[in-house]
file run_3.cif (mmCIF, C-alpha atoms)
data_start
#
loop_
_atom_site.label_atom_id
_atom_site.label_comp_id
_atom_site.auth_asym_id
_atom_site.auth_seq_id
_atom_site.Cartn_x
_atom_site.Cartn_y
_atom_site.Cartn_z
CA MET A 725 -19.88 23.88 11.18
CA ARG A 726 -19.29 20.16 10.82
CA ILE A 727 -15.89 18.95 9.59
CA TYR A 728 -15.32 15.41 8.36
CA LYS A 729 -12.06 13.49 8.61
CA ALA A 730 -10.81 10.10 7.44
CA LYS A 731 -7.67 8.02 7.49
CA ALA A 732 -6.78 4.90 5.50
CA PRO A 733 -3.84 2.63 6.39
CA MET A 734 -1.00 1.59 4.14
CA ARG A 735 0.23 -1.98 3.97
CA ILE A 736 3.24 -4.25 3.85
CA GLY A 737 2.87 -6.78 1.05
CA PHE A 738 4.47 -10.08 2.03
CA PHE A 739 3.67 -12.73 -0.58
CA GLY A 740 1.83 -13.00 -3.89
CA GLY A 741 2.40 -9.45 -5.08
CA GLY A 742 1.96 -9.19 -8.86
CA THR A 743 -0.63 -11.97 -9.04
CA ASP A 744 -3.34 -9.35 -8.35
CA VAL A 745 -2.47 -7.59 -11.63
CA SER A 746 -4.36 -8.19 -14.88
CA PRO A 747 -4.30 -10.39 -16.87
CA TYR A 748 -2.87 -12.95 -14.43
CA ALA A 749 -5.59 -12.42 -11.80
CA GLU A 750 -8.43 -13.06 -14.25
CA GLU A 751 -6.82 -15.96 -16.11
CA PHE A 752 -5.19 -17.89 -13.26
CA GLY A 753 -6.52 -16.38 -10.03
CA GLY A 754 -4.42 -14.07 -7.89
CA LYS A 755 -3.61 -14.50 -4.22
CA VAL A 756 -1.85 -11.99 -1.96
CA LEU A 757 -0.91 -11.85 1.73
CA ASN A 758 -0.48 -8.40 3.26
CA CYS A 759 -1.05 -6.54 6.51
CA THR A 760 -1.86 -2.91 7.20
CA ILE A 761 0.41 -0.74 9.34
CA ASP A 762 0.08 2.49 11.30
CA LYS A 763 1.10 4.71 8.41
CA TYR A 764 -1.88 6.56 6.99
CA VAL A 765 -3.15 8.94 4.36
CA ARG A 766 -5.30 11.47 6.19
CA CYS A 767 -8.03 13.68 4.71
CA GLN A 768 -10.36 16.43 5.90
CA LEU A 769 -13.48 17.91 4.29
CA ARG A 770 -15.09 21.22 5.20
CA PRO A 771 -17.40 23.71 3.44
CA SER A 772 -15.68 25.93 0.91
CA ALA A 773 -15.82 29.69 1.32
CA ASP A 774 -16.28 30.36 -2.42
CA GLY A 775 -18.70 27.54 -3.25
CA GLY A 776 -16.19 25.80 -5.50
CA ILE A 777 -13.98 22.79 -4.82
CA THR A 778 -10.46 23.18 -3.44
CA ILE A 779 -7.95 20.38 -2.83
CA ARG A 780 -4.89 21.02 -0.70
CA SER A 781 -2.05 18.52 -0.40
CA LEU A 782 0.00 19.60 2.59
CA ASP A 783 2.93 17.25 2.00
CA LEU A 784 3.17 17.89 -1.75
CA GLU A 785 2.51 21.63 -1.25
CA GLU A 786 0.08 21.63 -4.17
CA VAL A 787 -3.39 23.11 -4.61
CA SER A 788 -6.08 22.27 -7.19
CA ARG A 789 -9.28 24.26 -7.65
CA ASN A 790 -12.51 23.81 -9.56
CA VAL A 791 -14.71 26.88 -9.50
CA THR A 792 -15.88 27.07 -13.14
CA GLY A 793 -16.35 23.36 -13.81
CA HIS A 794 -12.74 22.77 -14.86
CA TRP A 795 -9.79 21.79 -12.71
CA GLU A 796 -6.77 24.01 -12.26
CA GLY A 797 -3.82 22.29 -10.61
CA ARG A 798 -1.78 19.12 -10.74
CA LEU A 799 -3.43 16.92 -8.09
CA GLY A 800 -4.79 14.48 -10.66
CA LEU A 801 -5.59 11.58 -8.33
CA PRO A 802 -7.78 13.45 -5.80
CA GLN A 803 -9.33 15.38 -8.69
CA ALA A 804 -10.42 12.07 -10.22
CA VAL A 805 -11.95 10.98 -6.90
CA LEU A 806 -14.06 14.13 -6.70
CA ASP A 807 -15.07 13.75 -10.35
CA ALA A 808 -16.31 10.25 -9.50
CA MET A 809 -18.26 11.54 -6.48
CA PRO A 810 -20.35 14.45 -7.84
CA ALA A 811 -22.23 14.82 -4.56
CA ALA A 812 -19.21 16.64 -3.13
CA GLN A 813 -19.69 20.27 -4.12
CA GLY A 814 -18.71 23.49 -2.37
CA VAL A 815 -16.01 21.83 -0.28
CA GLU A 816 -12.38 22.16 0.65
CA VAL A 817 -10.49 18.88 0.98
CA THR A 818 -7.11 18.83 2.73
CA MET A 819 -4.83 15.79 2.81
CA PHE A 820 -1.38 14.52 3.64
CA SER A 821 0.47 11.21 3.85
CA ASP A 822 2.64 9.86 6.65
CA VAL A 823 5.23 8.68 4.10
CA PRO A 824 6.70 10.10 0.87
CA PRO A 825 4.95 9.41 -2.45
CA GLY A 826 6.12 6.33 -4.29
CA SER A 827 6.66 4.54 -0.99
CA GLY A 828 5.66 1.07 -2.16
CA LEU A 829 3.32 0.91 0.84
CA GLY A 830 0.17 1.54 -1.22
CA SER A 831 -0.12 5.24 -0.39
CA SER A 832 -1.88 6.20 -3.64
CA SER A 833 -4.65 3.68 -3.10
CA ALA A 834 -4.88 4.63 0.58
CA LEU A 835 -5.46 8.23 -0.55
CA VAL A 836 -8.29 7.21 -2.86
CA VAL A 837 -9.91 4.94 -0.27
CA SER A 838 -9.58 7.62 2.42
CA MET A 839 -11.23 10.24 0.20
CA LEU A 840 -14.03 7.91 -0.84
CA LYS A 841 -14.83 7.03 2.77
CA LEU A 842 -14.65 10.72 3.68
CA ILE A 843 -17.16 11.72 1.00
CA CYS A 844 -19.48 8.76 1.63
CA THR A 845 -19.60 9.67 5.32
CA ALA A 846 -20.15 13.38 4.70
CA TYR A 847 -23.01 12.78 2.26
CA ASN A 848 -24.54 9.63 3.83
CA ILE A 849 -23.69 7.47 0.82
CA ALA A 850 -23.88 3.77 1.66
CA ALA A 851 -20.78 1.83 0.59
CA ASP A 852 -19.35 -1.33 2.15
CA PRO A 853 -15.59 -2.05 2.07
CA HIS A 854 -15.91 -4.15 -1.10
CA GLU A 855 -17.67 -1.29 -2.91
CA VAL A 856 -15.15 1.28 -1.70
CA ALA A 857 -12.22 -0.91 -2.81
CA GLU A 858 -13.73 -1.60 -6.23
CA LEU A 859 -14.52 2.06 -6.85
CA ALA A 860 -10.98 2.99 -5.80
CA TYR A 861 -9.65 0.39 -8.24
CA ARG A 862 -11.82 1.79 -11.05
CA ILE A 863 -10.66 5.37 -10.43
CA GLU A 864 -6.98 4.44 -10.44
CA ARG A 865 -6.79 1.69 -13.02
CA VAL A 866 -9.65 2.53 -15.42
CA ASP A 867 -10.40 6.26 -15.16
CA LEU A 868 -6.75 7.33 -14.84
CA GLY A 869 -5.12 4.32 -16.51
CA ILE A 870 -2.52 3.88 -13.75
CA PRO A 871 -1.11 0.34 -14.07
CA GLY A 872 -1.24 -1.92 -11.05
CA GLY A 873 -3.24 -4.48 -9.14
CA ARG A 874 -6.04 -4.62 -6.59
CA GLN A 875 -4.36 -5.50 -3.29
CA ASP A 876 -3.67 -1.93 -2.16
CA GLN A 877 -7.29 -0.79 -2.43
CA TYR A 878 -8.58 -3.83 -0.56
CA ALA A 879 -5.96 -3.59 2.17
CA ALA A 880 -6.81 0.07 2.81
CA ALA A 881 -10.54 -0.70 2.89
CA PHE A 882 -10.45 -3.85 5.05
CA GLY A 883 -7.25 -3.64 7.11
CA GLY A 884 -5.53 -6.33 9.13
CA MET A 885 -3.52 -9.39 8.12
CA CYS A 886 -5.46 -10.96 5.25
CA VAL A 887 -5.16 -13.15 2.20
CA TYR A 888 -6.99 -11.64 -0.77
CA HIS A 889 -8.22 -13.97 -3.52
CA PHE A 890 -8.62 -12.27 -6.89
CA GLY A 891 -10.12 -13.43 -10.16
CA GLY A 892 -13.65 -14.48 -9.26
CA LYS A 893 -16.86 -12.49 -9.45
CA ARG A 894 -16.12 -11.08 -5.99
CA VAL A 895 -12.79 -10.69 -4.21
CA ILE A 896 -12.57 -13.04 -1.24
CA VAL A 897 -11.07 -11.53 1.90
CA GLU A 898 -9.62 -14.15 4.26
CA PRO A 899 -8.45 -12.86 7.67
CA VAL A 900 -5.36 -14.79 8.74
CA LEU A 901 -4.52 -14.05 12.38
CA SER A 902 -7.05 -13.61 15.16
CA ASP A 903 -4.56 -13.99 18.05
CA PRO A 904 -2.96 -10.58 18.83
CA ALA A 905 0.15 -12.35 20.15
CA MET A 906 0.87 -13.75 16.68
CA LEU A 907 0.87 -10.31 15.10
CA LEU A 908 2.95 -8.88 17.92
CA GLU A 909 5.52 -11.67 17.62
CA LEU A 910 5.86 -11.14 13.88
CA GLU A 911 6.05 -7.38 14.36
CA SER A 912 8.87 -7.81 16.89
CA CYS A 913 11.02 -9.42 14.19
CA LEU A 914 10.27 -7.02 11.31
CA MET A 915 11.74 -3.67 10.34
CA ILE A 916 11.01 -1.26 7.50
CA GLY A 917 13.22 1.38 5.94
CA TYR A 918 12.97 3.91 3.13
CA ILE A 919 15.65 3.43 0.49
CA GLY A 920 14.71 6.33 -1.79
CA ASP A 921 12.42 7.41 -4.62
CA ARG A 922 11.27 4.80 -7.09
CA THR A 923 13.14 6.54 -9.90
CA LEU A 924 13.30 3.40 -12.01
CA LEU A 925 9.54 3.48 -12.41
CA ARG A 926 10.23 5.78 -15.34
CA HIS A 927 11.18 2.52 -17.05
CA HIS A 928 7.49 1.61 -16.89
CA LEU A 929 8.14 -1.16 -14.41
CA MET A 930 4.56 -2.42 -14.22
CA GLU A 931 4.11 -2.38 -18.00
CA ASP A 932 7.34 -4.35 -18.33
CA GLN A 933 6.07 -6.99 -15.89
CA VAL A 934 2.75 -7.33 -17.76
CA ARG A 935 4.54 -7.56 -21.12
CA ARG A 936 6.80 -10.35 -19.85
CA LEU A 937 3.81 -12.18 -18.39
CA LYS A 938 1.83 -11.98 -21.63
CA GLY A 939 4.88 -13.21 -23.50
CA GLY A 940 4.99 -16.27 -21.26
CA ASP A 941 8.39 -15.36 -19.83
CA THR A 942 7.30 -15.05 -16.20
CA LEU A 943 4.16 -17.18 -15.86
CA ARG A 944 6.07 -19.81 -13.87
CA TYR A 945 7.41 -17.17 -11.49
CA HIS A 946 3.90 -15.78 -10.90
CA ASP A 947 2.70 -19.29 -10.06
CA GLU A 948 5.60 -19.76 -7.66
CA THR A 949 5.06 -16.48 -5.86
CA LYS A 950 1.35 -17.29 -5.45
CA ALA A 951 2.23 -20.68 -3.94
CA PHE A 952 4.26 -18.91 -1.25
CA VAL A 953 1.03 -17.42 0.16
CA ASP A 954 -0.41 -20.68 1.48
CA GLU A 955 2.96 -21.77 2.85
CA SER A 956 3.47 -18.45 4.64
CA VAL A 957 0.02 -18.59 6.27
CA LYS A 958 0.78 -22.05 7.67
CA LEU A 959 4.03 -20.74 9.14
CA LEU A 960 2.34 -17.74 10.72
CA ARG A 961 -0.40 -19.81 12.31
CA ALA A 962 2.26 -22.16 13.71
CA MET A 963 4.22 -19.14 15.04
CA LYS A 964 7.27 -20.14 12.99
CA ILE A 965 8.55 -16.60 12.47
CA ALA A 966 12.12 -17.52 11.52
CA GLU A 967 10.83 -19.81 8.78
CA PHE A 968 8.48 -17.03 7.66
CA GLY A 969 11.46 -14.69 7.38
CA ARG A 970 13.46 -17.20 5.36
CA LEU A 971 10.48 -17.69 3.08
CA LEU A 972 10.58 -13.94 2.42
CA HIS A 973 14.07 -14.43 1.07
CA ASP A 974 12.96 -17.25 -1.23
CA ALA A 975 10.03 -15.19 -2.50
CA TRP A 976 12.24 -12.15 -3.09
CA GLU A 977 14.55 -14.20 -5.30
CA VAL A 978 11.52 -15.26 -7.37
CA LYS A 979 10.01 -11.76 -7.45
CA LYS A 980 13.18 -10.30 -8.97
CA ALA A 981 12.65 -12.55 -12.00
CA PHE A 982 9.46 -10.60 -12.87
CA SER A 983 11.50 -7.72 -14.33
CA PRO A 984 15.15 -6.58 -14.30
CA TYR A 985 13.96 -3.17 -13.06
CA ILE A 986 12.60 -4.49 -9.74
CA ALA A 987 15.98 -4.62 -7.95
CA PRO A 988 18.45 -1.97 -9.14
CA PRO A 989 22.04 -2.23 -7.82
CA ILE A 990 21.36 -0.06 -4.76
CA VAL A 991 18.59 -2.44 -3.68
CA ASP A 992 20.84 -5.48 -4.07
CA GLU A 993 23.57 -3.75 -2.05
CA ILE A 994 21.19 -2.86 0.79
CA TYR A 995 19.74 -6.35 0.82
CA ALA A 996 23.22 -7.92 0.96
CA THR A 997 24.06 -5.65 3.91
CA ALA A 998 20.91 -6.76 5.70
CA ARG A 999 21.74 -10.42 5.18
CA ARG A 1000 25.27 -9.92 6.53
CA HIS A 1001 23.84 -8.43 9.71
CA GLY A 1002 21.35 -11.11 10.58
CA ALA A 1003 18.32 -10.68 8.33
CA TRP A 1004 16.57 -13.95 7.53
CA GLY A 1005 15.06 -12.30 4.47
CA GLY A 1006 13.30 -9.25 3.14
CA LYS A 1007 11.89 -7.55 0.07
CA ILE A 1008 10.73 -4.32 -1.47
CA THR A 1009 7.23 -3.63 -0.18
CA GLY A 1010 5.76 -2.55 -3.53
CA ALA A 1011 6.23 -3.15 -7.23
CA GLY A 1012 9.98 -2.48 -7.07
CA GLY A 1013 12.60 0.06 -8.03
CA GLY A 1014 12.73 1.77 -4.65
CA GLY A 1015 10.51 3.00 -1.83
CA PHE A 1016 10.38 0.98 1.39
CA MET A 1017 11.94 -2.39 2.12
CA VAL A 1018 10.91 -4.80 4.87
CA PHE A 1019 13.43 -7.01 6.67
CA ALA A 1020 12.86 -9.99 8.99
CA CYS A 1021 15.51 -10.77 11.60
CA PRO A 1022 15.95 -12.32 15.06
CA PHE A 1023 14.77 -10.02 17.84
CA ASP A 1024 18.23 -9.84 19.42
CA ARG A 1025 19.82 -8.60 16.18
CA ARG A 1026 17.38 -5.75 15.50
CA LEU A 1027 19.66 -2.98 16.72
CA GLU A 1028 22.68 -4.37 14.86
CA LEU A 1029 20.65 -4.56 11.66
CA GLU A 1030 19.16 -1.11 12.15
CA ARG A 1031 22.59 0.48 12.59
CA ALA A 1032 23.98 -1.31 9.55
CA LEU A 1033 21.08 -0.24 7.35
CA GLU A 1034 21.22 3.35 8.55
CA GLY A 1035 24.92 3.30 7.76
CA ALA A 1036 23.99 2.24 4.22
CA GLY A 1037 21.70 5.26 3.88
CA VAL A 1038 18.38 3.59 4.69
CA ARG A 1039 15.93 5.74 6.67
CA MET A 1040 14.44 3.34 9.20
CA ARG A 1041 10.86 3.92 10.35
CA PRO A 1042 9.13 2.40 13.37
CA PHE A 1043 5.75 0.82 12.69
CA SER A 1044 3.04 -1.32 14.22
CA PHE A 1045 0.49 -3.56 12.55
CA THR A 1046 -3.14 -2.45 12.50
CA THR A 1047 -6.23 -4.61 12.44
CA GLN A 1048 -8.74 -2.17 10.92
CA GLY A 1049 -9.16 -0.48 7.57
CA VAL A 1050 -10.31 3.01 6.63
CA HIS A 1051 -12.03 5.14 9.26
CA ALA A 1052 -14.11 8.32 8.96
CA TRP A 1053 -15.64 10.57 11.60
CA SER A 1054 -16.92 14.13 12.10
CA VAL A 1055 -16.63 16.91 14.64
CA GLU A 1056 -18.53 20.13 15.18
CA VAL A 1057 -16.34 23.23 15.30
CA ALA A 1058 -17.02 26.93 15.59
CA GLU A 1059 -16.88 28.83 12.31
CA LYS A 1060 -13.98 31.21 11.87
CA GLY A 1061 -14.82 34.56 13.31
CA ALA A 1062 -17.75 33.26 15.33
CA GLY A 1063 -18.00 34.57 18.85
CA GLY A 1064 -15.74 37.56 18.19
#

call {"tool": "encode", "arguments": {"input": "run_3.cif", "output": "structure tokens"}}
result
Amino acid sequence: MRIYKAKAPMRIGFFGGGTDVSPYAEEFGGKVLNCTIDKYVRCQLRPSADGGITIRSLDLEEVSRNVTGHWEGRLGLPQAVLDAMPAAQGVEVTMFSDVPPGSGLGSSSALVVSMLKLICTAYNIAADPHEVAELAYRIERVDLGIPGGRQDQYAAAFGGMCVYHFGGKRVIVEPVLSDPAMLLELESCLMIGYIGDRTLLRHHLMEDQVRRLKGGDTLRYHDETKAFVDESVKLLRAMKIAEFGRLLHDAWEVKKAFSPYIAPPIVDEIYATARRHGAWGGKITGAGGGGFMVFACPFDRRLELERALEGAGVRMRPFSFTTQGVHAWSVEVAEKGAGG
């Protein structure tokens, strides 16, 4: 029996986040800098014993089944992926994420991209990274109506440190760093930590940002945050990591103007603690409200900053950058019960 597996990386968004969201991306052109990290959503596909479709989420401890043509269960996102890929029948799909849901690291999109690559590999369906990313976007944003942008799907599909240009007929993917030493140097001055669930997303954070943009309240801030992308790339290529970290601070101050829900008091308190203990700058890694934060600091102050943040209740997580996007592979295993 052949079993298929896939993993898609999550990402740290550095600059330009929010400009990949409609309608800004289509009207003015979005631009985002992010890099994938070694935190993954992992999936497995194997034949189903009953001929139906079963989805198991190990970390959420949820199961969805479709035996009669209708879904039973609450795993709406993977259900939508399988609905969009009708070739997958008579299978059991198992999945889990390396980080909690609502991380701000793009885990939902990584799940969709991982499942799409898994199914395409299992059924010999040709799909390049652009096609995988666009289908993932359609499933999340159109089929399910989940508000958000495009950067997470593209990061999971392509991987690496890239600038993504949105708004044209085709998304342009611009790799930024080819020298491994540059990525390693940046990595040595960055830390990430989990500050808690994004509970304020119940305030419809993304809808609030779009409403303010359409009303003209935040157009200037979107333009400013997009301009940070080109500046940050120049700093990276010149190996000016301290200046890159300080630019994170400047961009975070602008990002908070998108919506009052982006930085609740606990986020401001944690960020102030980080600054007191040596951080050049930092930001929430996703839309806001909670999840993970990234901090840039001098190498020789990492331990001091880590201890201070842990004392403030932040759960620090080690990470490394990755240079590749979603992967899928297969292995042959003996069927249960075979060979006595």

call {"tool": "resolve_selection", "arguments": {"input": "run_3.cif", "expression": "the PyMOL selection byres ((chain A and resi 961) around 12)", "output": "PyMOL selection string"}}
result
chain A and resi 885+899-907+909-910+954-960+962-965+967-968

call {"tool": "resolve_selection", "arguments": {"input": "run_3.cif", "expression": "the PyMOL selection byres ((chain A and resi 1021-1031) around 8)", "output": "PDB file with C-alpha atoms, in the coordinates of the input"}}
result
ATOM      1  CA  SER A 912       8.870  -7.810  16.890  1.00  0.00           C
ATOM      2  CA  CYS A 913      11.020  -9.420  14.190  1.00  0.00           C
ATOM      3  CA  LEU A 914      10.270  -7.020  11.310  1.00  0.00           C
ATOM      4  CA  MET A 915      11.740  -3.670  10.340  1.00  0.00           C
ATOM      5  CA  ALA A 966      12.120 -17.520  11.520  1.00  0.00           C
ATOM      6  CA  GLY A 969      11.460 -14.690   7.380  1.00  0.00           C
ATOM      7  CA  ALA A 998      20.910  -6.760   5.700  1.00  0.00           C
ATOM      8  CA  HIS A1001      23.840  -8.430   9.710  1.00  0.00           C
ATOM      9  CA  GLY A1002      21.350 -11.110  10.580  1.00  0.00           C
ATOM     10  CA  ALA A1003      18.320 -10.680   8.330  1.00  0.00           C
ATOM     11  CA  TRP A1004      16.570 -13.950   7.530  1.00  0.00           C
ATOM     12  CA  GLY A1005      15.060 -12.300   4.470  1.00  0.00           C
ATOM     13  CA  PHE A1019      13.430  -7.010   6.670  1.00  0.00           C
ATOM     14  CA  ALA A1020      12.860  -9.990   8.990  1.00  0.00           C
ATOM     15  CA  ALA A1032      23.980  -1.310   9.550  1.00  0.00           C
ATOM     16  CA  LEU A1033      21.080  -0.240   7.350  1.00  0.00           C
ATOM     17  CA  GLU A1034      21.220   3.350   8.550  1.00  0.00           C
ATOM     18  CA  GLY A1035      24.920   3.300   7.760  1.00  0.00           C
ATOM     19  CA  MET A1040      14.440   3.340   9.200  1.00  0.00           C
TER      20      MET A1040
END

call {"tool": "atom_distance", "arguments": {"input": "run_3.cif", "atom1": "atom CA of Ala804 of chain A", "atom2": "atom CA of Asp774 of chain A"}}
result
20.7 Å

call {"tool": "closest_residue", "arguments": {"input": "run_3.cif", "among": "A:Gly940, A:Gly920, A:Pro733, A:Gly872", "to": "Thr1047 of chain A", "atoms": "only C-alpha atoms"}}
result
A:Pro733

call {"tool": "resolve_selection", "arguments": {"input": "run_3.cif", "expression": "the PyMOL selection byres ((chain A and resi 893) around 12)", "output": "mmCIF file with C-alpha atoms, in the coordinates of the input"}}
result
data_model
loop_
_atom_site.group_PDB
_atom_site.id
_atom_site.type_symbol
_atom_site.label_atom_id
_atom_site.label_comp_id
_atom_site.auth_asym_id
_atom_site.auth_seq_id
_atom_site.Cartn_x
_atom_site.Cartn_y
_atom_site.Cartn_z
ATOM 1 C CA ALA A 749 -5.590 -12.420 -11.800
ATOM 2 C CA GLU A 750 -8.430 -13.060 -14.250
ATOM 3 C CA GLY A 753 -6.520 -16.380 -10.030
ATOM 4 C CA HIS A 854 -15.910 -4.150 -1.100
ATOM 5 C CA GLU A 858 -13.730 -1.600 -6.230
ATOM 6 C CA HIS A 889 -8.220 -13.970 -3.520
ATOM 7 C CA PHE A 890 -8.620 -12.270 -6.890
ATOM 8 C CA GLY A 891 -10.120 -13.430 -10.160
ATOM 9 C CA GLY A 892 -13.650 -14.480 -9.260
ATOM 10 C CA ARG A 894 -16.120 -11.080 -5.990
ATOM 11 C CA VAL A 895 -12.790 -10.690 -4.210
ATOM 12 C CA ILE A 896 -12.570 -13.040 -1.240
#

call {"tool": "closest_residue", "arguments": {"input": "run_3.cif", "among": "A:Gly828, A:Gly776, A:Met839, A:Glu796", "to": "Gln813 of chain A", "atoms": "all atoms listed in the file"}}
result
A:Gly776

call {"tool": "closest_residue", "arguments": {"input": "run_3.cif", "among": "A:Val856, A:Ala808, A:Val791, A:Leu972", "to": "Thr778 of chain A", "atoms": "all atoms listed in the file"}}
result
A:Val791

call {"tool": "residues_around", "arguments": {"input": "run_3.cif", "residues": "Met725 of chain A", "least_positions_apart": "4", "cutoff": "10 Å", "atoms": "only C-alpha atoms", "output": "PDB file with C-alpha atoms, in the coordinates of the input"}}
result
ATOM      1  CA  ARG A 770     -15.090  21.220   5.200  1.00  0.00           C
ATOM      2  CA  PRO A 771     -17.400  23.710   3.440  1.00  0.00           C
ATOM      3  CA  VAL A1055     -16.630  16.910  14.640  1.00  0.00           C
ATOM      4  CA  GLU A1056     -18.530  20.130  15.180  1.00  0.00           C
ATOM      5  CA  VAL A1057     -16.340  23.230  15.300  1.00  0.00           C
ATOM      6  CA  ALA A1058     -17.020  26.930  15.590  1.00  0.00           C
ATOM      7  CA  GLU A1059     -16.880  28.830  12.310  1.00  0.00           C
ATOM      8  CA  LYS A1060     -13.980  31.210  11.870  1.00  0.00           C
TER       9      LYS A1060
END

call {"tool": "atom_distance", "arguments": {"input": "run_3.cif", "atom1": "atom CA of Glu786 of chain A", "atom2": "atom CA of Leu799 of chain A"}}
result
7.1 Å

call {"tool": "closest_residue", "arguments": {"input": "run_3.cif", "among": "A:Ile994, A:Met1017, A:Ile849, A:Leu782", "to": "Phe820 of chain A", "atoms": "all atoms listed in the file"}}
result
A:Leu782

call {"tool": "residues_near_point", "arguments": {"input": "run_3.cif", "point": "(5.2, -13.0, 3.1)", "cutoff": "8 Å", "atoms": "all atoms listed in the file", "output": "VMD selection string"}}
result
chain A and resid 737 to 740 757 to 758 952 to 953 956 968 to 969 971 to 972 975

call {"tool": "closest_residue", "arguments": {"input": "run_3.cif", "among": "A:His794, A:Arg1000, A:Arg865, A:Lys755", "to": "Asp807 of chain A", "atoms": "only C-alpha atoms"}}
result
A:His794

call {"tool": "closest_residue", "arguments": {"input": "run_3.cif", "among": "A:Ser772, A:Gly754, A:Pro853, A:Gly873", "to": "Glu931 of chain A", "atoms": "only C-alpha atoms"}}
result
A:Gly873

call {"tool": "atom_distance", "arguments": {"input": "run_3.cif", "atom1": "atom CA of Asp992 of chain A", "atom2": "atom CA of Gln875 of chain A"}}
result
25.2 Å

call {"tool": "residues_around", "arguments": {"input": "run_3.cif", "residues": "Gly1015 of chain A", "least_positions_apart": "3", "cutoff": "12 Å", "atoms": "only C-alpha atoms", "output": "PyMOL selection string"}}
result
chain A and resi 736+823-831+916-925+986-988+990-991+1007-1012+1018+1038-1040
